[in-house]
Each structure stands twice: as structure tokens, then as C-alpha cells.
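File shown: work_3.txt. Contents: compact mmCIF, C-alpha atoms and all ligand atoms.
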```
# COMPACT_ATOMS: atom_id res chain seq x y z
CA MET F 1 -2.14 -24.55 -19.98
CA LYS F 2 -0.46 -22.07 -22.21
CA ARG F 3 -1.94 -19.26 -20.19
CA ILE F 4 -0.54 -20.67 -16.97
CA LEU F 5 2.88 -20.90 -18.55
CA MET F 6 2.68 -17.28 -19.64
CA LEU F 7 1.67 -16.16 -16.16
CA SER F 8 4.55 -18.12 -14.64
CA LEU F 9 7.02 -16.50 -16.98
CA LEU F 10 5.61 -13.09 -16.21
CA GLY F 11 5.84 -13.76 -12.49
CA ALA F 12 9.45 -14.91 -12.78
CA PHE F 13 10.27 -11.80 -14.76
CA LEU F 14 8.66 -9.45 -12.26
CA LEU F 15 10.28 -11.13 -9.28
CA ALA F 16 13.73 -11.56 -10.80
CA PRO F 17 16.30 -10.15 -8.39
CA GLY F 18 18.80 -7.62 -9.67
CA SER F 19 16.89 -7.84 -12.71
CA ALA F 20 16.36 -7.44 -16.34
CA LEU F 21 13.56 -5.11 -15.38
CA ALA F 22 13.46 -2.05 -17.53
CA VAL F 23 14.23 1.20 -15.74
CA GLU F 24 12.03 3.97 -17.03
CA GLY F 25 14.19 6.72 -18.43
CA ASP F 26 17.23 4.50 -18.83
CA CYS F 27 17.56 5.11 -22.56
CA ASN F 28 20.98 3.49 -22.93
CA ASN F 29 20.06 0.53 -20.74
CA ASP F 30 22.99 0.78 -18.32
CA GLY F 31 20.82 0.63 -15.22
CA GLN F 32 21.16 4.30 -14.31
CA VAL F 33 19.23 7.38 -15.32
CA ASP F 34 21.59 10.26 -15.98
CA GLN F 35 22.68 12.78 -18.58
CA ALA F 36 23.89 10.03 -20.90
CA ASP F 37 20.30 8.89 -21.25
CA MET F 38 19.21 12.34 -22.33
CA ASP F 39 22.01 12.33 -24.90
CA THR F 40 20.89 8.95 -26.15
CA LEU F 41 17.29 10.07 -26.32
CA MET F 42 18.18 13.20 -28.29
CA ALA F 43 20.36 11.19 -30.65
CA SER F 44 17.52 8.76 -31.24
CA LEU F 45 14.73 11.26 -31.86
CA ASN F 46 12.21 10.23 -34.48
CA GLN F 47 13.47 6.69 -34.48
CA PRO F 48 11.54 3.60 -33.47
CA ALA F 49 11.90 2.60 -29.83
CA ASP F 50 12.48 -1.02 -30.70
CA GLN F 51 15.60 -1.65 -28.64
CA PRO F 52 15.62 -2.53 -24.93
CA GLY F 53 17.18 0.75 -23.84
CA LEU F 54 15.27 3.00 -26.17
CA ALA F 55 12.02 1.35 -25.18
CA ASN F 56 12.65 2.62 -21.64
CA CYS F 57 12.35 6.16 -22.96
CA ASP F 58 9.22 5.67 -25.02
CA TYR F 59 7.15 7.19 -22.23
CA ASN F 60 3.96 7.46 -24.23
CA LYS F 61 4.38 3.94 -25.60
CA ASP F 62 3.70 4.95 -29.17
CA GLY F 63 6.60 2.88 -30.45
CA GLY F 64 8.81 5.81 -31.38
CA LEU F 65 10.94 8.46 -29.74
CA GLY F 66 9.66 12.01 -30.07
CA LEU F 67 9.70 15.40 -28.43
CA ASP F 68 6.87 14.37 -26.15
CA ASP F 69 9.10 11.64 -24.80
CA VAL F 70 11.91 14.16 -24.32
CA GLY F 71 9.53 16.40 -22.40
CA THR F 72 8.51 13.60 -20.09
CA HIS F 73 12.13 12.59 -19.64
CA LEU F 74 13.08 16.15 -18.64
CA GLN F 75 10.31 16.27 -16.07
CA GLY F 76 11.75 13.19 -14.43
CA GLN F 77 15.29 14.55 -14.23
CA PRO F 78 16.82 16.23 -11.20
CA GLU F 79 18.54 19.54 -11.89
CA CA H 1 21.28 5.03 -18.52
CA CA H 2 7.08 7.84 -27.79
```

Taking this structure as input, can you express it in the form of C-alpha cells?
Amino acid sequence: MKRILMLSLLGAFLLAPGSALAVEGDCNNDGQVDQADMDTLMASLNQPADQPGLANCDYNKDGGLGLDDVGTHLQGQPE
């Protein structure tokens, strides 16, 4: 029963229109990926990625923000 509830919640989350879905690379959680996210990422280096926005930039999912995350972020950025 509990499992079904969890799956329902997950489904609702994934299908939510407009959406609270995390945008990868959106470090400041404003829905766009731009230079401000890079600034936020640099300002948050070596800190835990325990906030909604910062978690979007924890590319390697190790729970913190590091240079490896910056590298991945740069690769995803247009010139
Ligand atoms: Ca952003
Ligand atoms: Ca990381």
C-alpha cells in the first residue's frame, strides 16, 4: 500500500505541468540555465548541494559542489 502511494506521488511529480521539475544546470533555481548559474556554482564551491537549486548543479551526485561539477557545467554551456 505504501509502495503504491509512493509510486503515485512519483508519477504526479514527473507528470506535473510547468513543473517543479529540477532543471539540470539551473544552480539558482530560476528555471533558466545561464551565466547566473555559473556564478552561483562558483560562489557555492565546496559547499553541500543540499538546496533545490544547488542540487541541480551537483552533476556527479556526490552531495557537494566541486570543480568536477563546474567542469560538467561548462561542457553544457553554449559559448
Ligand atoms: Ca538559473
Ligand atoms: Ca558534486

Check which residues of chain F sit at most 8 Å from ligand CA 1 (chain H) using all atoms listed in the file, and return one row each with the closest pair of atoms and their distance in Å to one decimal, ordered by chain and rising number, as a Markdown table.
```
| residue | atom | partner | partner_atom | distance |
| --- | --- | --- | --- | --- |
| F:Gly25 | CA | H:CA1 | CA | 7.3 |
| F:Asp26 | CA | H:CA1 | CA | 4.1 |
| F:Cys27 | CA | H:CA1 | CA | 5.5 |
| F:Asn28 | CA | H:CA1 | CA | 4.7 |
| F:Asn29 | CA | H:CA1 | CA | 5.2 |
| F:Asp30 | CA | H:CA1 | CA | 4.6 |
| F:Gly31 | CA | H:CA1 | CA | 5.5 |
| F:Gln32 | CA | H:CA1 | CA | 4.3 |
| F:Val33 | CA | H:CA1 | CA | 4.5 |
| F:Asp34 | CA | H:CA1 | CA | 5.8 |
| F:Gln35 | CA | H:CA1 | CA | 7.9 |
| F:Ala36 | CA | H:CA1 | CA | 6.1 |
| F:Asp37 | CA | H:CA1 | CA | 4.8 |
| F:Gly53 | CA | H:CA1 | CA | 8.0 |
```

Exercise: residues within 12 Å of coordinate (9.7, 6.9, -28.4), counting all atoms listed in the file, as a ChimeraX atom specification: /F:24-25,27,40-73

If you measure from atom CA of Val23 of chain F to atom CA of Arg3 of chain F, what distance in Å do you get, rounded to one decimal? 26.5 Å
